[in-house]
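S.K.: Provided herewith is a single structure, encoded as structure tokens, for subsequent inquiry.
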Amino acid sequence: MVDRILHNEHMATLDIINRLEVRIGNGKWARRLDIAVPADKTLLEELIAMMESEVRHHLPFEEKVIFPKLDEVGFEDITNMLFDEHEAIRSLVSSIRPIANDALSGGFQEDKWTIFYQLLADLASIIVFHIQKEEMGVISRLQMLIGAESCQEMGGAYRKLLSGETA
Ligand SMILES: [Fe+2]
Ligand SMILES: [Fe+2]
């Protein structure tokens with residue numbers, strides 16, 4: 001079922017954001033990641049992989065497959081708002097990715113770190129807010145809104161897309 005798959009992706013994203021927040025710091029996001037420390041390097045790699053899969057799979061799938069179905073049942077106002085949030089997420093990801101990728105090999109210099117954690121704090125707050133909205137407004141009642149059969153079909157289509165691209 002597509003609602004279950006998207007829900008699991010949302011939870012995985014929140015998990016990474018929570019761990020970054022705990023590691024970097026108490027709402028201030030200021031404790032610098034040290035890529036010489038394996039746990040820090042892994043966390044950065046997980047962030048990069050998460051941003052990659054958001055931009056390549058999760059957001060486009062919601063926009064191309066889920067939102068049009070929701071529009072059919074009168075959800076245009078909600079999907080328009082969610083789409084705008086996707087654009088904000090994509091824009092932040094495109095700023096964060098090059099800094100994160102550079103840091104994987106060279107670490108974070110002070111100036112880059114300041115930019116990185118400020119952008120990351122913005123990304124975290126938008127994503128957390130966005131996921132709450134999707135979970136409460138859409139995912140929790142998707143089967144009721146578009147039917148269990150559609151959810152099943154879309155789940156199959158999304159799984160195929162994911163496995164095709166990772167193969
Ligand atoms: Fe979304
Ligand atoms: Fe989503």
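By convention here, the chains of the structure tokens are called A, B, ... in the order presented, each chain's residues are numbered starting at 1, and ligands are numbered starting at 1 in the order presented.
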Check which residues fall inside 8 Å of ligand 2 when counting only C-alpha atoms and all ligand atoms, and print them as a ChimeraX atom specification.
M.R.: /A:6-7,9-10,58-59,62,130-131,134-135
S.K.: I want to know what sits within 9 Å of Val138 of chain A, based on only C-alpha atoms, with residues of the same chain fewer than 6 positions away left out; could you give that as a PDB file with C-alpha atoms, in the first residue's frame?
M.R.:
```pdb
ATOM      1  CA  ASP A   3       0.267   5.091   2.183  1.00  0.00           C
ATOM      2  CA  LEU A  70      -6.189  14.035  -4.387  1.00  0.00           C
ATOM      3  CA  LEU A 145      -9.957   9.286   0.008  1.00  0.00           C
TER       4      LEU A 145
END
```
S.K.: When you look at Tyr117 of chain A with a cut-off of 9 Å (counting only C-alpha atoms), what residues show up, excluding the ones that are within fewer than 3 positions of it in the same chain? I need them as a PDB file with N, CA and C atoms, in the first residue's frame.
M.R.:
```
ATOM      1  N   ILE A  24      23.950  17.840  16.652  1.00  0.00           N
ATOM      2  CA  ILE A  24      24.472  19.173  16.355  1.00  0.00           C
ATOM      3  C   ILE A  24      24.074  20.189  17.412  1.00  0.00           C
ATOM      4  N   LYS A  28      20.236  24.844  18.559  1.00  0.00           N
ATOM      5  CA  LYS A  28      21.163  25.872  18.065  1.00  0.00           C
ATOM      6  C   LYS A  28      21.913  25.383  16.836  1.00  0.00           C
ATOM      7  N   TRP A  29      21.949  24.095  16.618  1.00  0.00           N
ATOM      8  CA  TRP A  29      22.557  23.500  15.438  1.00  0.00           C
ATOM      9  C   TRP A  29      24.021  23.899  15.293  1.00  0.00           C
ATOM     10  N   ALA A  30      24.710  24.091  16.391  1.00  0.00           N
ATOM     11  CA  ALA A  30      26.021  24.714  16.286  1.00  0.00           C
ATOM     12  C   ALA A  30      27.216  23.787  16.479  1.00  0.00           C
ATOM     13  N   ARG A  31      27.014  22.582  17.016  1.00  0.00           N
ATOM     14  CA  ARG A  31      28.184  21.717  17.251  1.00  0.00           C
ATOM     15  C   ARG A  31      28.626  21.067  15.946  1.00  0.00           C
ATOM     16  N   ARG A  32      29.800  21.437  15.518  1.00  0.00           N
ATOM     17  CA  ARG A  32      30.255  21.060  14.176  1.00  0.00           C
ATOM     18  C   ARG A  32      30.467  19.544  14.013  1.00  0.00           C
ATOM     19  N   LYS A 112      31.913  27.507   6.061  1.00  0.00           N
ATOM     20  CA  LYS A 112      30.982  26.572   5.420  1.00  0.00           C
ATOM     21  C   LYS A 112      30.053  25.949   6.461  1.00  0.00           C
ATOM     22  N   TRP A 113      30.604  25.679   7.635  1.00  0.00           N
ATOM     23  CA  TRP A 113      29.788  25.058   8.677  1.00  0.00           C
ATOM     24  C   TRP A 113      28.640  25.978   9.101  1.00  0.00           C
ATOM     25  N   THR A 114      28.947  27.259   9.231  1.00  0.00           N
ATOM     26  CA  THR A 114      27.911  28.211   9.638  1.00  0.00           C
ATOM     27  C   THR A 114      26.766  28.236   8.624  1.00  0.00           C
ATOM     28  N   LEU A 120      20.529  23.843   7.198  1.00  0.00           N
ATOM     29  CA  LEU A 120      20.006  22.570   7.695  1.00  0.00           C
ATOM     30  C   LEU A 120      18.885  22.798   8.708  1.00  0.00           C
ATOM     31  N   ALA A 121      19.037  23.798   9.554  1.00  0.00           N
ATOM     32  CA  ALA A 121      17.975  24.115  10.519  1.00  0.00           C
ATOM     33  C   ALA A 121      16.694  24.510   9.789  1.00  0.00           C
ATOM     34  N   ASP A 122      16.852  25.294   8.702  1.00  0.00           N
ATOM     35  CA  ASP A 122      15.672  25.677   7.902  1.00  0.00           C
ATOM     36  C   ASP A 122      15.037  24.446   7.262  1.00  0.00           C
TER      37      ASP A 122
END
```
S.K.: Kindly provide, as a ChimeraX atom specification, all nucleotide and amino acid residues lying within 12 Å of ligand 1, counting only C-alpha atoms and all ligand atoms.
M.R.: /A:6-7,9-10,13,54-55,57-67,78-90,126-135,137-139
S.K.: Save out the residues we just selected, N, CA and C atoms, as a CSV table (one decimal), in the first residue's frame.
M.R.:
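Output contents, as saved in result.csv:
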```
chain,number,residue,atom,x,y,z
A,6,LEU,N,4.9,5.5,1.9
A,6,LEU,CA,5.3,7.0,2.1
A,6,LEU,C,5.4,7.3,3.6
A,7,HIS,N,4.5,6.6,4.4
A,7,HIS,CA,4.6,6.8,5.9
A,7,HIS,C,6.0,6.4,6.4
A,9,GLU,N,8.8,6.2,4.7
A,9,GLU,CA,9.8,7.1,4.3
A,9,GLU,C,9.8,8.4,5.2
A,10,HIS,N,8.6,8.9,5.5
A,10,HIS,CA,8.5,10.1,6.4
A,10,HIS,C,9.1,9.8,7.7
A,13,THR,N,12.9,9.8,7.4
A,13,THR,CA,13.4,11.2,7.3
A,13,THR,C,13.4,11.9,8.6
A,54,GLU,N,14.7,12.1,-1.4
A,54,GLU,CA,13.6,13.0,-1.4
A,54,GLU,C,13.4,13.7,-2.8
A,55,VAL,N,14.5,14.2,-3.3
A,55,VAL,CA,14.5,14.9,-4.6
A,55,VAL,C,14.2,14.0,-5.8
A,57,HIS,N,12.9,10.7,-5.7
A,57,HIS,CA,11.8,9.7,-5.7
A,57,HIS,C,10.6,10.3,-4.9
A,58,HIS,N,10.8,10.6,-3.7
A,58,HIS,CA,9.6,10.9,-2.8
A,58,HIS,C,8.8,12.1,-3.3
A,59,LEU,N,9.4,13.2,-3.5
A,59,LEU,CA,8.7,14.4,-3.9
A,59,LEU,C,8.1,14.3,-5.3
A,60,PRO,N,8.8,13.9,-6.3
A,60,PRO,CA,8.2,13.7,-7.6
A,60,PRO,C,7.1,12.7,-7.6
A,61,PHE,N,7.2,11.6,-6.9
A,61,PHE,CA,6.1,10.6,-6.8
A,61,PHE,C,4.9,11.2,-6.2
A,62,GLU,N,5.0,11.9,-5.2
A,62,GLU,CA,3.8,12.6,-4.6
A,62,GLU,C,3.2,13.5,-5.6
A,63,GLU,N,4.0,14.3,-6.2
A,63,GLU,CA,3.5,15.3,-7.1
A,63,GLU,C,2.9,14.7,-8.4
A,64,LYS,N,3.5,13.7,-8.9
A,64,LYS,CA,3.0,13.1,-10.2
A,64,LYS,C,1.9,12.1,-10.0
A,65,VAL,N,1.9,11.4,-8.9
A,65,VAL,CA,0.9,10.3,-8.7
A,65,VAL,C,-0.1,10.6,-7.6
A,66,ILE,N,0.3,11.0,-6.5
A,66,ILE,CA,-0.6,11.2,-5.3
A,66,ILE,C,-1.4,12.5,-5.4
A,67,PHE,N,-0.8,13.6,-5.7
A,67,PHE,CA,-1.5,14.9,-5.7
A,67,PHE,C,-2.6,14.9,-6.8
A,78,ILE,N,-5.0,22.0,-0.7
A,78,ILE,CA,-4.0,21.4,0.1
A,78,ILE,C,-2.8,20.9,-0.8
A,79,THR,N,-3.0,20.4,-1.9
A,79,THR,CA,-1.9,19.9,-2.8
A,79,THR,C,-1.1,21.1,-3.3
A,80,ASN,N,-1.7,22.2,-3.5
A,80,ASN,CA,-1.0,23.4,-3.9
A,80,ASN,C,0.0,23.9,-2.8
A,81,MET,N,-0.5,23.8,-1.6
A,81,MET,CA,0.3,24.2,-0.5
A,81,MET,C,1.5,23.2,-0.3
A,82,LEU,N,1.1,21.9,-0.4
A,82,LEU,CA,2.2,20.9,-0.2
A,82,LEU,C,3.2,21.1,-1.3
A,83,PHE,N,2.8,21.4,-2.6
A,83,PHE,CA,3.7,21.6,-3.7
A,83,PHE,C,4.7,22.7,-3.4
A,84,ASP,N,4.1,23.8,-2.9
A,84,ASP,CA,5.0,25.0,-2.6
A,84,ASP,C,6.0,24.6,-1.6
A,85,GLU,N,5.7,23.8,-0.6
A,85,GLU,CA,6.6,23.3,0.4
A,85,GLU,C,7.7,22.4,-0.2
A,86,HIS,N,7.3,21.6,-1.2
A,86,HIS,CA,8.2,20.8,-1.9
A,86,HIS,C,9.3,21.7,-2.6
A,87,GLU,N,8.8,22.8,-3.2
A,87,GLU,CA,9.7,23.7,-3.9
A,87,GLU,C,10.7,24.3,-2.9
A,88,ALA,N,10.2,24.6,-1.7
A,88,ALA,CA,11.1,25.2,-0.7
A,88,ALA,C,12.1,24.1,-0.3
A,89,ILE,N,11.7,22.9,-0.1
A,89,ILE,CA,12.6,21.8,0.3
A,89,ILE,C,13.7,21.6,-0.8
A,90,ARG,N,13.2,21.5,-2.1
A,90,ARG,CA,14.2,21.4,-3.2
A,90,ARG,C,15.2,22.5,-3.2
A,126,ILE,N,11.2,23.0,7.9
A,126,ILE,CA,10.2,22.8,6.8
A,126,ILE,C,9.8,21.4,6.7
A,127,ILE,N,10.8,20.5,6.7
A,127,ILE,CA,10.4,19.1,6.5
A,127,ILE,C,9.5,18.5,7.6
A,128,VAL,N,9.9,18.9,8.9
A,128,VAL,CA,9.1,18.4,10.0
A,128,VAL,C,7.6,18.8,9.9
A,129,PHE,N,7.5,20.1,9.6
A,129,PHE,CA,6.2,20.7,9.4
A,129,PHE,C,5.4,20.1,8.3
A,130,HIS,N,6.1,19.9,7.2
A,130,HIS,CA,5.5,19.3,6.0
A,130,HIS,C,5.0,17.9,6.2
A,131,ILE,N,5.9,17.1,6.8
A,131,ILE,CA,5.5,15.7,7.1
A,131,ILE,C,4.3,15.6,8.0
A,132,GLN,N,4.3,16.5,9.1
A,132,GLN,CA,3.2,16.5,10.0
A,132,GLN,C,1.9,16.7,9.2
A,133,LYS,N,1.9,17.7,8.3
A,133,LYS,CA,0.7,18.0,7.5
A,133,LYS,C,0.3,16.9,6.6
A,134,GLU,N,1.3,16.3,5.9
A,134,GLU,CA,1.0,15.2,5.0
A,134,GLU,C,0.4,14.0,5.8
A,135,GLU,N,1.1,13.7,6.9
A,135,GLU,CA,0.6,12.5,7.7
A,135,GLU,C,-0.8,12.7,8.2
A,137,GLY,N,-3.1,15.1,7.3
A,137,GLY,CA,-4.1,15.6,6.3
A,137,GLY,C,-4.3,14.6,5.2
A,138,VAL,N,-3.3,13.8,4.9
A,138,VAL,CA,-3.4,13.0,3.7
A,138,VAL,C,-3.2,11.5,4.0
A,139,ILE,N,-2.0,11.2,4.5
A,139,ILE,CA,-1.6,9.8,4.5
A,139,ILE,C,-2.5,9.0,5.5
```
S.K.: In Å, with one decimal, what is the gap from atom CA of Met154 of chain A to atom CA of Val2 of chain A?
M.R.: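 About the pair atom CA of Met154 of chain A and atom CA of Val2 of chain A: they are 5.6 Å apart.
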S.K.: Please identify all polymer residues within 8 Å of Cys151 of chain A, counting only C-alpha atoms, omitting same-chain residues fewer than 2 positions from it, and present them as a ChimeraX atom specification.
M.R.: /A:1-3,142-143,146-149,153-155
S.K.: Hey, can you spit out that residue selection with C-alpha atoms as a CSV table (one decimal), in the first residue's frame?
M.R.:
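And here's selection.csv as it stands now:
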```
chain,number,residue,atom,x,y,z
A,1,MET,CA,0.0,0.0,0.0
A,2,VAL,CA,1.4,3.4,-1.0
A,3,ASP,CA,0.3,5.1,2.2
A,142,LEU,CA,-5.5,8.1,1.9
A,143,GLN,CA,-7.3,4.8,1.5
A,146,ILE,CA,-8.8,7.4,-3.1
A,147,GLY,CA,-9.7,3.8,-2.3
A,148,ALA,CA,-7.7,0.8,-1.1
A,149,GLU,CA,-7.4,-0.5,-4.6
A,153,GLU,CA,-1.7,-0.2,-7.3
A,154,MET,CA,0.3,2.9,-6.5
A,155,GLY,CA,2.3,1.0,-3.9
```
S.K.: Using atom CA of Ser94 of chain A and atom CA of Lys160 of chain A as the two end points, give the distance in Å to one decimal.
M.R.: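 Between atom CA of Ser94 of chain A and atom CA of Lys160 of chain A the gap works out to 26.2 Å.
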S.K.: Which is closer to Leu20 of chain A than all the others in A:Asp40, A:Glu52, A:Glu72, A:Asp34, using only C-alpha atoms?
M.R.: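 Of A:Asp40, A:Glu52, A:Glu72, A:Asp34, the one nearest Leu20 of chain A, counting only C-alpha atoms, is A:Asp40.
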S.K.: Please report, as a ChimeraX atom specification, each residue of chain A to which DSSP assigns alpha helix (DSSP H) when run on this structure's backbone.
M.R.: /A:2-24,38-53,59-61,67-72,76-106,110-137,142-146,148-166
S.K.: Would you compute the distance between atom CA of Ala12 of chain A and atom CA of Gln118 of chain A? Give it in Å to one decimal.
M.R.: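 Value for the atom CA of Ala12 of chain A-atom CA of Gln118 of chain A distance: 21.8 Å.
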S.K.: I need the residue nearest Ser53 of chain A from this list: A:Met136, A:Met144, A:Ile99, A:Leu161. Use only C-alpha atoms for the distance.
M.R.: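 For Ser53 of chain A, the nearest of the given residues is A:Leu161.
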